[in-house]
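Everything below belongs to query30.txt, which stores compact mmCIF, C-alpha atoms and all ligand atoms.
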```
# COMPACT_ATOMS: atom_id res chain seq x y z
CA MET A 1 -33.83 -35.02 118.15
CA ALA A 2 -36.20 -32.80 116.30
CA LYS A 3 -36.81 -33.60 112.71
CA ALA A 4 -38.07 -31.22 110.10
CA ALA A 5 -40.80 -31.98 107.62
CA THR A 6 -42.53 -29.82 105.10
CA SER A 7 -45.97 -30.44 103.76
CA LYS A 8 -45.54 -29.49 100.14
CA ALA A 9 -49.13 -28.75 99.32
CA PRO A 10 -49.00 -28.17 95.58
CA ALA A 11 -50.21 -24.84 94.32
CA LYS A 12 -52.44 -26.72 91.89
CA ALA A 13 -55.49 -26.95 94.03
CA ALA A 14 -58.19 -29.59 94.00
CA ALA A 15 -61.10 -29.18 91.64
CA THR A 16 -63.33 -27.64 94.30
CA ALA A 17 -60.95 -24.79 95.07
CA LYS A 18 -60.83 -21.41 93.41
CA PRO A 19 -57.36 -20.20 92.49
CA SER A 20 -55.78 -18.42 95.43
CA LYS A 21 -54.07 -15.12 94.78
CA ALA A 22 -51.36 -15.86 97.29
CA THR A 23 -50.32 -19.00 95.44
CA GLY A 24 -49.53 -16.71 92.58
CA LYS A 25 -50.73 -19.10 89.92
CA GLY A 26 -49.26 -17.79 86.77
CA GLY A 27 -48.02 -14.76 88.68
CA GLY A 28 -44.93 -16.45 90.05
CA LYS A 29 -45.45 -15.33 93.66
CA ALA A 30 -44.35 -17.71 96.40
CA PRO A 31 -47.23 -19.51 98.11
CA ARG A 32 -48.20 -18.51 101.63
CA THR A 33 -46.16 -20.56 104.08
CA HIS A 34 -47.01 -21.21 107.72
CA ARG A 35 -44.30 -22.54 110.01
CA ILE A 36 -45.61 -24.88 112.66
CA ALA A 37 -43.89 -26.41 115.68
CA VAL A 38 -45.41 -29.84 116.28
CA LEU A 39 -45.26 -31.29 119.79
CA PRO A 40 -47.02 -34.69 119.71
CA GLY A 41 -46.09 -35.36 123.36
CA ASP A 42 -47.24 -38.44 125.25
CA GLY A 43 -49.81 -41.23 125.16
CA ILE A 44 -52.42 -40.71 122.46
CA GLY A 45 -50.86 -37.35 121.57
CA GLU A 46 -48.88 -38.70 118.67
CA GLU A 47 -51.82 -40.54 117.06
CA VAL A 48 -54.28 -37.67 117.28
CA VAL A 49 -51.73 -35.11 116.07
CA ARG A 50 -51.02 -37.28 113.04
CA GLU A 51 -54.70 -37.18 112.09
CA GLY A 52 -54.90 -33.43 112.72
CA LEU A 53 -51.99 -32.91 110.34
CA LYS A 54 -53.59 -35.23 107.78
CA VAL A 55 -56.62 -32.95 107.60
CA LEU A 56 -54.45 -29.82 107.70
CA ASP A 57 -52.53 -31.09 104.67
CA ALA A 58 -55.79 -31.70 102.80
CA VAL A 59 -57.00 -28.11 103.23
CA ALA A 60 -53.52 -26.73 102.52
CA GLU A 61 -53.61 -28.52 99.19
CA ILE A 62 -57.07 -27.20 98.36
CA ASP A 63 -56.38 -23.62 99.41
CA GLY A 64 -52.86 -23.52 98.04
CA PHE A 65 -50.67 -22.73 101.03
CA LEU A 66 -47.70 -24.50 102.51
CA VAL A 67 -47.33 -25.85 106.02
CA GLU A 68 -43.70 -26.15 106.98
CA ARG A 69 -43.30 -28.06 110.20
CA LYS A 70 -40.76 -29.16 112.70
CA VAL A 71 -41.55 -32.02 115.06
CA TYR A 72 -40.17 -31.82 118.61
CA PRO A 73 -39.67 -34.97 120.69
CA TYR A 74 -40.42 -33.56 124.16
CA GLY A 75 -42.49 -35.65 126.50
CA ALA A 76 -42.00 -38.65 128.77
CA ASP A 77 -39.97 -40.93 126.46
CA HIS A 78 -37.51 -38.15 125.70
CA TYR A 79 -37.33 -37.11 129.35
CA LEU A 80 -36.73 -40.64 130.62
CA ALA A 81 -33.96 -41.15 128.05
CA THR A 82 -32.22 -37.78 128.46
CA LYS A 83 -33.52 -36.07 131.65
CA GLU A 84 -34.36 -33.13 129.41
CA ALA A 85 -37.92 -31.78 129.69
CA MET A 86 -38.12 -28.67 127.52
CA PRO A 87 -34.81 -27.01 126.62
CA ALA A 88 -34.64 -23.22 126.44
CA ALA A 89 -33.13 -23.44 122.95
CA ALA A 90 -36.20 -25.28 121.65
CA LEU A 91 -38.51 -22.66 123.14
CA GLU A 92 -36.42 -19.95 121.51
CA GLU A 93 -36.66 -21.69 118.16
CA MET A 94 -40.42 -22.17 118.50
CA GLY A 95 -40.72 -18.45 119.17
CA ARG A 96 -39.66 -17.83 115.57
CA MET A 97 -42.49 -19.96 114.18
CA ASP A 98 -46.12 -19.07 113.50
CA ALA A 99 -47.90 -21.56 115.74
CA ILE A 100 -47.47 -24.61 117.95
CA PHE A 101 -49.58 -27.74 117.55
CA LEU A 102 -49.62 -29.85 120.72
CA GLY A 103 -50.96 -33.38 121.29
CA ALA A 104 -50.91 -34.05 125.03
CA ILE A 105 -48.35 -34.21 127.81
CA GLY A 106 -48.32 -36.53 130.84
CA ASP A 107 -47.18 -40.03 131.61
CA PRO A 108 -47.53 -42.23 134.71
CA ARG A 109 -43.80 -43.09 134.58
CA VAL A 110 -42.96 -39.48 135.47
CA GLU A 111 -43.89 -37.59 138.65
CA THR A 112 -47.47 -36.29 138.31
CA GLY A 113 -47.61 -32.86 136.78
CA PHE A 114 -43.86 -32.43 136.25
CA LEU A 115 -43.80 -32.60 132.45
CA GLU A 116 -47.14 -30.78 132.21
CA ARG A 117 -45.64 -27.86 134.19
CA GLN A 118 -42.35 -27.89 132.30
CA ILE A 119 -43.81 -28.16 128.81
CA ILE A 120 -47.40 -26.87 128.72
CA TRP A 121 -47.03 -24.24 131.40
CA GLY A 122 -43.52 -23.49 130.08
CA VAL A 123 -44.86 -22.67 126.61
CA ARG A 124 -47.80 -20.67 127.98
CA GLN A 125 -45.52 -18.58 130.20
CA THR A 126 -42.66 -18.15 127.74
CA PHE A 127 -44.94 -16.83 125.02
CA ASP A 128 -47.36 -15.10 127.41
CA LEU A 129 -50.33 -17.00 125.98
CA PHE A 130 -52.83 -15.21 128.17
CA VAL A 131 -56.04 -16.41 126.49
CA ASN A 132 -57.31 -19.95 126.62
CA LEU A 133 -60.06 -20.00 124.05
CA ARG A 134 -62.58 -22.84 124.22
CA PRO A 135 -65.45 -22.97 121.76
CA ILE A 136 -68.22 -25.27 123.01
CA ARG A 137 -70.52 -26.35 120.19
CA LEU A 138 -72.79 -29.35 119.97
CA TYR A 139 -72.83 -30.83 116.46
CA HIS A 140 -75.54 -33.43 117.06
CA GLU A 141 -78.06 -33.87 119.88
CA ALA A 142 -77.16 -37.56 120.17
CA LEU A 143 -73.76 -36.52 121.54
CA CYS A 144 -75.20 -34.43 124.37
CA PRO A 145 -75.81 -36.12 127.73
CA LEU A 146 -78.38 -33.45 128.65
CA LYS A 147 -82.03 -34.28 128.10
CA ASP A 148 -83.73 -32.51 125.18
CA LYS A 149 -80.78 -30.24 124.38
CA LYS A 150 -80.20 -29.54 120.72
CA PRO A 151 -77.23 -28.00 118.85
CA ALA A 152 -78.84 -24.54 119.09
CA ASP A 153 -78.82 -24.90 122.90
CA VAL A 154 -75.10 -25.61 123.23
CA ASP A 155 -73.18 -22.93 121.39
CA MET A 156 -70.90 -20.79 123.53
CA VAL A 157 -67.28 -19.84 123.92
CA VAL A 158 -65.26 -19.71 127.13
CA VAL A 159 -62.40 -17.24 127.41
CA ARG A 160 -60.22 -18.50 130.25
CA GLU A 161 -57.33 -16.45 131.64
CA ASN A 162 -54.25 -18.59 131.02
CA THR A 163 -51.20 -17.22 132.84
CA GLU A 164 -52.18 -16.20 136.40
CA ASP A 165 -54.34 -17.38 139.31
CA ALA A 166 -53.46 -20.41 141.43
CA TYR A 167 -51.37 -21.77 138.54
CA ALA A 168 -48.73 -19.03 138.74
CA GLY A 169 -46.82 -21.31 141.11
CA LEU A 170 -46.68 -19.04 144.15
CA GLY A 171 -46.78 -20.91 147.43
CA GLY A 172 -45.34 -24.17 148.59
CA ILE A 173 -45.24 -26.75 151.32
CA HIS A 174 -43.62 -26.09 154.68
CA ARG A 175 -42.63 -28.87 157.13
CA LYS A 176 -43.67 -31.45 154.54
CA GLY A 177 -44.58 -34.85 155.89
CA THR A 178 -44.78 -33.70 159.52
CA PRO A 179 -47.92 -33.22 161.64
CA HIS A 180 -47.26 -29.47 161.38
CA GLU A 181 -47.22 -29.42 157.60
CA VAL A 182 -48.49 -26.20 155.98
CA ALA A 183 -49.44 -25.97 152.30
CA ILE A 184 -50.03 -22.59 150.70
CA ALA A 185 -51.20 -21.84 147.16
CA GLU A 186 -51.73 -18.24 146.16
CA MET A 187 -54.09 -16.86 143.55
CA ILE A 188 -52.49 -14.01 141.63
CA TYR A 189 -54.42 -11.49 139.54
CA THR A 190 -52.77 -8.44 138.00
CA ARG A 191 -54.76 -5.51 136.67
CA GLN A 192 -52.99 -5.84 133.33
CA GLY A 193 -53.60 -9.60 133.19
CA VAL A 194 -57.28 -9.30 134.09
CA GLU A 195 -57.96 -6.33 131.85
CA ARG A 196 -56.41 -7.77 128.69
CA VAL A 197 -58.31 -11.06 128.89
CA ILE A 198 -61.59 -9.31 129.68
CA ARG A 199 -61.11 -6.97 126.73
CA TYR A 200 -60.34 -9.97 124.51
CA ALA A 201 -63.58 -11.62 125.70
CA TYR A 202 -65.64 -8.52 124.87
CA GLU A 203 -64.11 -8.57 121.39
CA VAL A 204 -64.91 -12.29 120.94
CA CYS A 205 -68.49 -11.64 122.07
CA LYS A 206 -68.84 -8.68 119.71
CA LYS A 207 -67.77 -10.80 116.73
CA ARG A 208 -70.14 -13.64 117.52
CA ASN A 209 -73.44 -13.37 115.78
CA LYS A 210 -75.40 -14.47 118.80
CA LYS A 211 -76.93 -12.97 121.90
CA ARG A 212 -74.05 -10.59 122.61
CA ARG A 213 -74.06 -11.53 126.24
CA LEU A 214 -70.78 -11.76 128.15
CA THR A 215 -70.92 -13.63 131.45
CA LEU A 216 -68.20 -13.06 134.05
CA VAL A 217 -67.72 -16.23 136.09
CA ASP A 218 -65.95 -15.74 139.43
CA LYS A 219 -66.31 -16.30 143.15
CA ALA A 220 -65.89 -12.71 144.29
CA ASN A 221 -68.34 -13.21 147.15
CA ALA A 222 -65.95 -15.61 148.88
CA ILE A 223 -62.55 -14.80 147.32
CA ARG A 224 -62.31 -11.08 147.98
CA ALA A 225 -59.31 -10.54 145.70
CA GLN A 226 -61.56 -11.39 142.76
CA ASP A 227 -63.19 -8.02 143.20
CA ILE A 228 -60.52 -6.95 140.68
CA TRP A 229 -62.43 -9.02 138.10
CA THR A 230 -65.79 -7.43 139.03
CA ARG A 231 -64.49 -3.88 138.72
CA THR A 232 -62.44 -4.42 135.59
CA PHE A 233 -65.32 -6.21 133.89
CA ALA A 234 -67.62 -3.23 134.52
CA GLU A 235 -65.02 -0.65 133.52
CA VAL A 236 -64.00 -2.31 130.23
CA GLY A 237 -67.68 -3.03 129.56
CA LYS A 238 -68.33 0.73 129.20
CA GLU A 239 -66.45 0.50 125.88
CA TYR A 240 -68.96 -2.13 124.68
CA PRO A 241 -72.45 -0.73 125.33
CA GLU A 242 -73.92 -3.16 122.78
CA ILE A 243 -72.92 -6.16 124.92
CA GLU A 244 -75.03 -7.29 127.87
CA GLN A 245 -72.92 -7.68 131.01
CA ASP A 246 -73.90 -10.82 132.85
CA HIS A 247 -72.48 -12.45 135.99
CA ALA A 248 -72.50 -15.87 137.66
CA TYR A 249 -70.57 -17.29 140.59
CA ILE A 250 -68.64 -20.40 139.60
CA ASP A 251 -70.86 -22.80 141.54
CA ALA A 252 -74.00 -21.38 139.94
CA ALA A 253 -72.33 -21.27 136.51
CA CYS A 254 -71.61 -25.02 136.73
CA MET A 255 -75.25 -25.61 137.54
CA TRP A 256 -76.54 -23.40 134.71
CA MET A 257 -74.14 -24.95 132.17
CA VAL A 258 -75.89 -28.25 132.78
CA LYS A 259 -79.43 -27.01 133.34
CA SER A 260 -79.73 -24.19 130.80
CA PRO A 261 -76.67 -24.07 128.53
CA GLU A 262 -78.71 -22.02 126.03
CA TRP A 263 -78.35 -19.02 128.38
CA PHE A 264 -74.65 -18.68 127.64
CA ASP A 265 -73.04 -16.92 124.72
CA THR A 266 -69.50 -15.87 125.78
CA LEU A 267 -67.96 -16.45 129.22
CA VAL A 268 -64.82 -14.98 130.74
CA THR A 269 -63.25 -16.43 133.85
CA PRO A 270 -60.03 -16.80 135.87
CA ASN A 271 -57.67 -19.67 135.10
CA LEU A 272 -58.72 -22.21 137.76
CA PHE A 273 -62.48 -21.87 137.25
CA GLY A 274 -61.94 -21.89 133.48
CA ASP A 275 -60.08 -25.18 133.76
CA ILE A 276 -63.06 -26.77 135.48
CA ILE A 277 -65.92 -25.22 133.58
CA THR A 278 -64.42 -26.08 130.18
CA ASP A 279 -64.49 -29.77 131.08
CA ILE A 280 -68.21 -29.43 131.73
CA GLY A 281 -68.36 -27.71 128.37
CA ALA A 282 -66.52 -30.62 126.74
CA MET A 283 -69.02 -33.08 128.18
CA ILE A 284 -72.09 -31.24 126.95
CA GLN A 285 -70.64 -30.94 123.44
CA GLY A 286 -69.86 -34.64 123.18
CA GLY A 287 -66.84 -35.38 125.35
CA LEU A 288 -63.08 -34.96 125.48
CA GLY A 289 -62.74 -36.56 122.07
CA ILE A 290 -64.15 -33.44 120.40
CA ALA A 291 -63.08 -30.45 122.53
CA ALA A 292 -60.25 -28.22 121.30
CA SER A 293 -58.55 -25.12 122.62
CA GLY A 294 -56.25 -22.31 121.65
CA ASN A 295 -53.61 -20.83 123.95
CA ILE A 296 -53.42 -17.42 122.39
CA HIS A 297 -51.47 -14.20 122.44
CA PRO A 298 -53.25 -12.17 119.77
CA GLY A 299 -50.98 -11.39 116.84
CA LYS A 300 -48.15 -13.56 118.17
CA ILE A 301 -47.16 -17.21 118.21
CA SER A 302 -49.94 -19.25 119.84
CA MET A 303 -50.48 -22.90 120.72
CA PHE A 304 -53.40 -25.14 119.76
CA GLU A 305 -54.31 -28.46 121.35
CA PRO A 306 -57.11 -30.88 122.10
CA ILE A 307 -58.20 -30.26 125.69
CA HIS A 308 -57.87 -33.92 126.60
CA GLY A 309 -54.75 -35.37 128.17
CA SER A 310 -52.54 -38.23 127.08
CA ALA A 311 -55.06 -40.99 128.06
CA PRO A 312 -52.15 -43.40 128.68
CA LYS A 313 -54.38 -46.48 128.71
CA TYR A 314 -55.18 -45.93 125.02
CA ARG A 315 -51.60 -45.29 123.94
CA GLY A 316 -50.61 -47.09 120.74
CA GLN A 317 -54.03 -48.64 120.23
CA ASN A 318 -55.17 -46.40 117.38
CA SER A 319 -58.47 -46.07 119.28
CA ALA A 320 -58.50 -42.45 120.48
CA ASN A 321 -60.80 -39.99 118.81
CA PRO A 322 -58.80 -37.42 116.82
CA ILE A 323 -61.67 -34.96 116.23
CA ALA A 324 -60.45 -32.72 119.10
CA ALA A 325 -57.01 -32.55 117.48
CA ILE A 326 -58.59 -31.89 114.07
CA GLU A 327 -60.65 -29.11 115.66
CA ALA A 328 -57.45 -27.74 117.23
CA ALA A 329 -55.90 -27.65 113.75
CA ARG A 330 -58.98 -25.74 112.58
CA MET A 331 -58.51 -23.16 115.35
CA MET A 332 -54.84 -22.87 114.42
CA LEU A 333 -55.79 -22.10 110.81
CA GLU A 334 -58.15 -19.37 111.99
CA HIS A 335 -55.32 -17.86 113.99
CA LEU A 336 -53.04 -18.04 110.94
CA GLY A 337 -55.57 -16.15 108.84
CA GLU A 338 -56.70 -19.18 106.81
CA ALA A 339 -60.40 -18.62 107.48
CA LYS A 340 -61.54 -20.43 104.35
CA ALA A 341 -59.52 -23.53 105.16
CA ALA A 342 -60.76 -23.44 108.76
CA ARG A 343 -64.35 -23.31 107.52
CA ARG A 344 -63.73 -26.31 105.31
CA ILE A 345 -62.71 -28.34 108.37
CA GLU A 346 -65.63 -27.06 110.42
CA ASN A 347 -68.08 -27.97 107.64
CA ALA A 348 -66.56 -31.42 107.18
CA VAL A 349 -66.57 -32.27 110.91
CA ARG A 350 -70.12 -31.04 111.31
CA HIS A 351 -71.18 -32.98 108.23
CA VAL A 352 -69.67 -36.34 109.22
CA ILE A 353 -71.27 -36.06 112.66
CA GLU A 354 -74.65 -34.70 111.53
CA THR A 355 -75.05 -37.32 108.84
CA GLY A 356 -74.09 -40.15 111.18
CA ARG A 357 -70.93 -40.97 109.20
CA ILE A 358 -69.29 -40.81 112.62
CA ARG A 359 -71.85 -41.88 115.21
CA SER A 360 -69.77 -42.04 118.34
CA LEU A 361 -66.83 -40.09 119.71
CA LYS A 362 -66.00 -42.70 122.33
CA ALA A 363 -62.54 -44.24 122.31
CA GLY A 364 -62.57 -47.46 120.29
CA ALA A 365 -65.79 -46.73 118.39
CA TYR A 366 -63.61 -46.20 115.32
CA LYS A 367 -59.93 -46.47 114.60
CA CYS A 368 -58.16 -43.18 115.13
CA ASP A 369 -56.76 -43.12 111.57
CA GLU A 370 -60.15 -44.15 110.16
CA VAL A 371 -61.74 -41.01 111.62
CA GLY A 372 -58.90 -38.94 110.18
CA ASP A 373 -59.51 -40.49 106.76
CA ILE A 374 -63.27 -39.85 106.97
CA VAL A 375 -62.79 -36.18 107.83
CA ARG A 376 -60.03 -35.72 105.23
CA ASP A 377 -62.22 -37.25 102.53
CA ALA A 378 -65.16 -35.05 103.60
CA VAL A 379 -62.89 -32.00 103.33
CA LYS A 380 -61.78 -33.05 99.86
CA ALA A 381 -65.39 -33.61 98.79
CA GLY A 382 -66.36 -30.15 100.09
CA ALA A 383 -68.86 -31.79 102.45
CA GLY A 384 -71.14 -29.61 104.52
CA ALA A 385 -70.37 -26.41 102.58
N1 LIG B 1 -53.02 -30.43 127.86
C1 LIG B 1 -52.57 -31.62 128.20
O1 LIG B 1 -51.62 -32.12 127.62
C2 LIG B 1 -53.24 -32.37 129.32
C3 LIG B 1 -54.56 -32.12 129.68
C4 LIG B 1 -55.15 -32.90 130.66
C5 LIG B 1 -54.42 -33.92 131.27
N2 LIG B 1 -53.11 -34.12 130.90
C6 LIG B 1 -52.33 -35.24 131.44
O2 LIG B 1 -52.75 -36.43 130.77
C7 LIG B 1 -52.56 -37.56 131.63
C8 LIG B 1 -53.86 -38.34 131.74
O3 LIG B 1 -54.83 -37.49 132.35
P1 LIG B 1 -56.36 -37.86 132.57
O4 LIG B 1 -56.52 -39.36 132.50
O5 LIG B 1 -56.81 -37.14 133.78
O6 LIG B 1 -57.13 -37.17 131.36
P2 LIG B 1 -57.26 -37.63 129.84
O7 LIG B 1 -57.94 -36.53 129.12
O8 LIG B 1 -55.97 -38.07 129.30
O9 LIG B 1 -58.21 -38.89 129.87
C9 LIG B 1 -59.45 -38.96 130.56
C10 LIG B 1 -60.35 -39.97 129.86
O10 LIG B 1 -60.97 -39.27 128.76
C11 LIG B 1 -61.07 -40.11 127.65
N3 LIG B 1 -60.39 -39.52 126.52
C12 LIG B 1 -59.46 -38.55 126.54
N4 LIG B 1 -59.09 -38.24 125.31
C13 LIG B 1 -59.80 -39.02 124.46
C14 LIG B 1 -59.87 -39.15 123.04
N5 LIG B 1 -59.14 -38.40 122.20
N6 LIG B 1 -60.69 -40.06 122.52
C15 LIG B 1 -61.45 -40.82 123.32
N7 LIG B 1 -61.45 -40.74 124.67
C16 LIG B 1 -60.63 -39.86 125.24
C17 LIG B 1 -60.50 -41.44 128.04
O11 LIG B 1 -61.56 -42.24 128.47
C18 LIG B 1 -59.59 -41.12 129.20
O12 LIG B 1 -59.47 -42.22 130.02
C19 LIG B 1 -52.10 -36.97 132.97
O13 LIG B 1 -50.71 -37.06 133.01
C20 LIG B 1 -52.52 -35.51 132.90
O14 LIG B 1 -51.75 -34.65 133.70
C21 LIG B 1 -52.52 -33.38 129.93
```
Can you present the structure in this file as structure tokens?
Amino acid sequence: MAKAATSKAPAKAAATAKPSKATGKGGGKAPRTHRIAVLPGDGIGEEVVREGLKVLDAVAEIDGFLVERKVYPYGADHYLATKEAMPAAALEEMGRMDAIFLGAIGDPRVETGFLERQIIWGVRQTFDLFVNLRPIRLYHEALCPLKDKKPADVDMVVVRENTEDAYAGLGGIHRKGTPHEVAIAEMIYTRQGVERVIRYAYEVCKKRNKKRRLTLVDKANAIRAQDIWTRTFAEVGKEYPEIEQDHAYIDAACMWMVKSPEWFDTLVTPNLFGDIITDIGAMIQGGLGIAASGNIHPGKISMFEPIHGSAPKYRGQNSANPIAAIEAARMMLEHLGEAKAARRIENAVRHVIETGRIRSLKAGAYKCDEVGDIVRDAVKAGAGA
């Protein structure tokens, strides 16, 4: 079952770090402690999470805080051995922690989507993680499949609604397997659900030092219920006169993401379209090996993960790229208020990519643990600061 582990990052920080007040050096105060639930999950999840934690430990040591963690075994192996997917007691326990760090869920030995629904969707619903935050940043032009696009051209953030839409599970299949079979999936949008994520997106846009343009991505011309997004976007937008209100239908947005990504600053979109458009985002920033996300309820427990899945074919090969998991750890630190530590990771990742220390993010280009070591060492050296 779950085992507990604590990263005892010593209060005596590395030479590059300034003394942190919260560590109470000489003052006797207890160091800041963050309690993390770790869910490595399936496939490559375990390997990439290990590297994410390696880098997390390095910044914790430098900045003088503690990361107390508990590792949960849920995923395919556990399910096949016990028939237990995600027990309510574990969710309850996680609810008392500060954040959840997830690898990936999904395994071909289990019915498609079952564990993903039970575990990922279960956590999102239980903790009402209504924001899926996806920064899309290109660190080096060589990673971008688009012609002539440079890092300055690919720098946006997608705010995807994370609890409603077609994923709410309403609908089903009637007369399954017969010639008269009927399948229904319903898209659900509540005023409260739409308004809170749109407001969050305006706030994200306001804090970004960029164009201050918020693009609503929907399909309100064909899906009439999405008019609720159009109206709410305009109404909430009155509170943010400094932000340009922009709009694109999902089909056009996919086209523009590829043709002119430099247009976009912040995007807000329903769950289903967000799921799709963020994979385009991952590709133009370098691939699934680099893209991270936060499942967020502001001010409450939130979950951070690489956006890739469990890539079962790479399981146990030490060949997956852990940068996405390292980036997820960075986002988790931001959420936990460790902005300085998060910046250290951002600088180190940018540095090792910009300088060609890591030239490829493709699976197998490097060993998974080798990439973790390179980023950890760059963090320790204060690279890119
Ligand atoms: N949040 C999640 O846990 C999550 C997300 C997506 C898919 N899934 C699940 O994962 C399983 C596999 O799904 P899939 O094959 O569609 O998507 P996937 O993301 O696991 O893999 C797609 C391809 O992307 C590449 N890739 C992914 N991660 C990589 C990494 N870190 N480094 C290098 N290359 C990487 C590999 O070439 C892989 O074959 C399914 O069960 C699916 O439901 C889970």
Residues near Val38 of chain A, anyone? I mean within 10 Å using only C-alpha atoms, not counting same-chain ones fewer than 6 positions away, as a CSV table (one decimal) with C-alpha atoms, in the frame of the given file.
```csv
chain,number,residue,atom,x,y,z
A,2,ALA,CA,-36.2,-32.8,116.3
A,4,ALA,CA,-38.1,-31.2,110.1
A,46,GLU,CA,-48.9,-38.7,118.7
A,49,VAL,CA,-51.7,-35.1,116.1
A,50,ARG,CA,-51.0,-37.3,113.0
A,53,LEU,CA,-52.0,-32.9,110.3
A,69,ARG,CA,-43.3,-28.1,110.2
A,70,LYS,CA,-40.8,-29.2,112.7
A,71,VAL,CA,-41.6,-32.0,115.1
A,72,TYR,CA,-40.2,-31.8,118.6
A,73,PRO,CA,-39.7,-35.0,120.7
A,94,MET,CA,-40.4,-22.2,118.5
A,99,ALA,CA,-47.9,-21.6,115.7
A,100,ILE,CA,-47.5,-24.6,118.0
A,101,PHE,CA,-49.6,-27.7,117.6
A,102,LEU,CA,-49.6,-29.8,120.7
A,103,GLY,CA,-51.0,-33.4,121.3
A,303,MET,CA,-50.5,-22.9,120.7
A,304,PHE,CA,-53.4,-25.1,119.8
```
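Distances from A:Leu214, A:Ala253, A:Leu129, A:Ile228 to Pro241 of chain A were compared using all atoms listed in the file, and the smallest one belongs to A:Leu214.
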Counting only C-alpha atoms and all ligand atoms, which residues of chain A sit at most 6 Å from some atom of ligand LIG 1 (chain B), and what is each one's closest atom pair with its distance in Å to one decimal, listed by chain and rising residue number, as a tab-separated table?
```
residue	atom	partner	partner_atom	distance
A:Ala104	CA	B:LIG1	O1	3.3
A:Ile105	CA	B:LIG1	O1	3.9
A:Gly106	CA	B:LIG1	O13	3.3
A:Asp107	CA	B:LIG1	O13	4.8
A:Gly113	CA	B:LIG1	O14	5.5
A:Leu288	CA	B:LIG1	N4	5.2
A:Gly289	CA	B:LIG1	C14	4.0
A:Ile307	CA	B:LIG1	N1	5.6
A:His308	CA	B:LIG1	O7	3.6
A:Gly309	CA	B:LIG1	O8	3.2
A:Ser310	CA	B:LIG1	O8	4.1
A:Ala311	CA	B:LIG1	O8	3.3
A:Ala320	CA	B:LIG1	N6	3.8
A:Asn321	CA	B:LIG1	N6	3.7
A:Pro322	CA	B:LIG1	N5	5.5
A:Lys362	CA	B:LIG1	C15	5.0
A:Ala363	CA	B:LIG1	C15	3.7
```
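In this structure, atom CA of Thr266 of chain A sits 12.3 Å away from atom CA of Arg199 of chain A.
Between atom CA of Gly382 of chain A and atom CA of Arg359 of chain A the separation is 19.9 Å.
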* Please tell me which residues are no farther than 10 Å from (-56.4, -27.2, 115.5) in the file, counting all atoms listed in the file, and write them as a count of residues only. => 30
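Nearest to Gly316 of chain A of all the residues A:Val194, A:Ala220, A:Cys368, A:Val379 is A:Cys368, counting only C-alpha atoms.
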query: Counting all atoms listed in the file, which residues come within 9 Å of (-45.8, -37.7, 129.1), with the point read in the file's coordinates, and could you list them as a PyMOL selection string?
result: chain A and resi 41-43+74-79+104-110+115-116+310+312
Keeping only C-alpha atoms, write the selected residues to a file as a PDB file, keeping the file's coordinate frame.
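Result written to again_24.pdb:
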```
ATOM      1  CA  GLY A  41     -46.090 -35.360 123.360  1.00  0.00           C
ATOM      2  CA  ASP A  42     -47.240 -38.440 125.250  1.00  0.00           C
ATOM      3  CA  GLY A  43     -49.810 -41.230 125.160  1.00  0.00           C
ATOM      4  CA  TYR A  74     -40.420 -33.560 124.160  1.00  0.00           C
ATOM      5  CA  GLY A  75     -42.490 -35.650 126.500  1.00  0.00           C
ATOM      6  CA  ALA A  76     -42.000 -38.650 128.770  1.00  0.00           C
ATOM      7  CA  ASP A  77     -39.970 -40.930 126.460  1.00  0.00           C
ATOM      8  CA  HIS A  78     -37.510 -38.150 125.700  1.00  0.00           C
ATOM      9  CA  TYR A  79     -37.330 -37.110 129.350  1.00  0.00           C
ATOM     10  CA  ALA A 104     -50.910 -34.050 125.030  1.00  0.00           C
ATOM     11  CA  ILE A 105     -48.350 -34.210 127.810  1.00  0.00           C
ATOM     12  CA  GLY A 106     -48.320 -36.530 130.840  1.00  0.00           C
ATOM     13  CA  ASP A 107     -47.180 -40.030 131.610  1.00  0.00           C
ATOM     14  CA  PRO A 108     -47.530 -42.230 134.710  1.00  0.00           C
ATOM     15  CA  ARG A 109     -43.800 -43.090 134.580  1.00  0.00           C
ATOM     16  CA  VAL A 110     -42.960 -39.480 135.470  1.00  0.00           C
ATOM     17  CA  LEU A 115     -43.800 -32.600 132.450  1.00  0.00           C
ATOM     18  CA  GLU A 116     -47.140 -30.780 132.210  1.00  0.00           C
ATOM     19  CA  SER A 310     -52.540 -38.230 127.080  1.00  0.00           C
ATOM     20  CA  PRO A 312     -52.150 -43.400 128.680  1.00  0.00           C
TER      21      PRO A 312
END
```
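Counting from atom CA of Thr163 of chain A, the distance to atom CA of Lys300 of chain A is 15.4 Å.
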Shortest contact to Thr126 of chain A, candidates A:Asn318, A:Ser302, A:Thr355, A:Gln226, atoms counted all atoms listed in the file, goes to A:Ser302
Residue with the minimum atom-to-atom distance to Ala225 of chain A, picked from A:Asp246, A:Glu61, A:Glu186, A:Asp251 with all atoms listed in the file counted, is A:Glu186
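Remark: for Val154 of chain A, the closest of the candidate residues A:Lys219, A:Lys238, A:Lys259, A:Arg96 is A:Lys259 (distances computed over only C-alpha atoms).
Remark: for Glu47 of chain A, the closest of the candidate residues A:Ala339, A:Arg315, A:Ala142, A:Glu346 is A:Arg315 (distances computed over only C-alpha atoms).
Residues lying within 10 Å of Thr215 of chain A, counting all atoms listed in the file and ignoring same-chain neighbours fewer than 2 positions away, are A:Val158, A:Ala201, A:Tyr202, A:Cys205, A:Arg212, A:Arg213, A:Val217, A:Asp218, A:Phe233, A:Glu244, A:Gln245, A:Asp246, A:His247, A:Ala248, A:Tyr249, A:Ala253, A:Trp263, A:Phe264, A:Asp265, A:Thr266, A:Leu267, A:Val268, A:Thr269.
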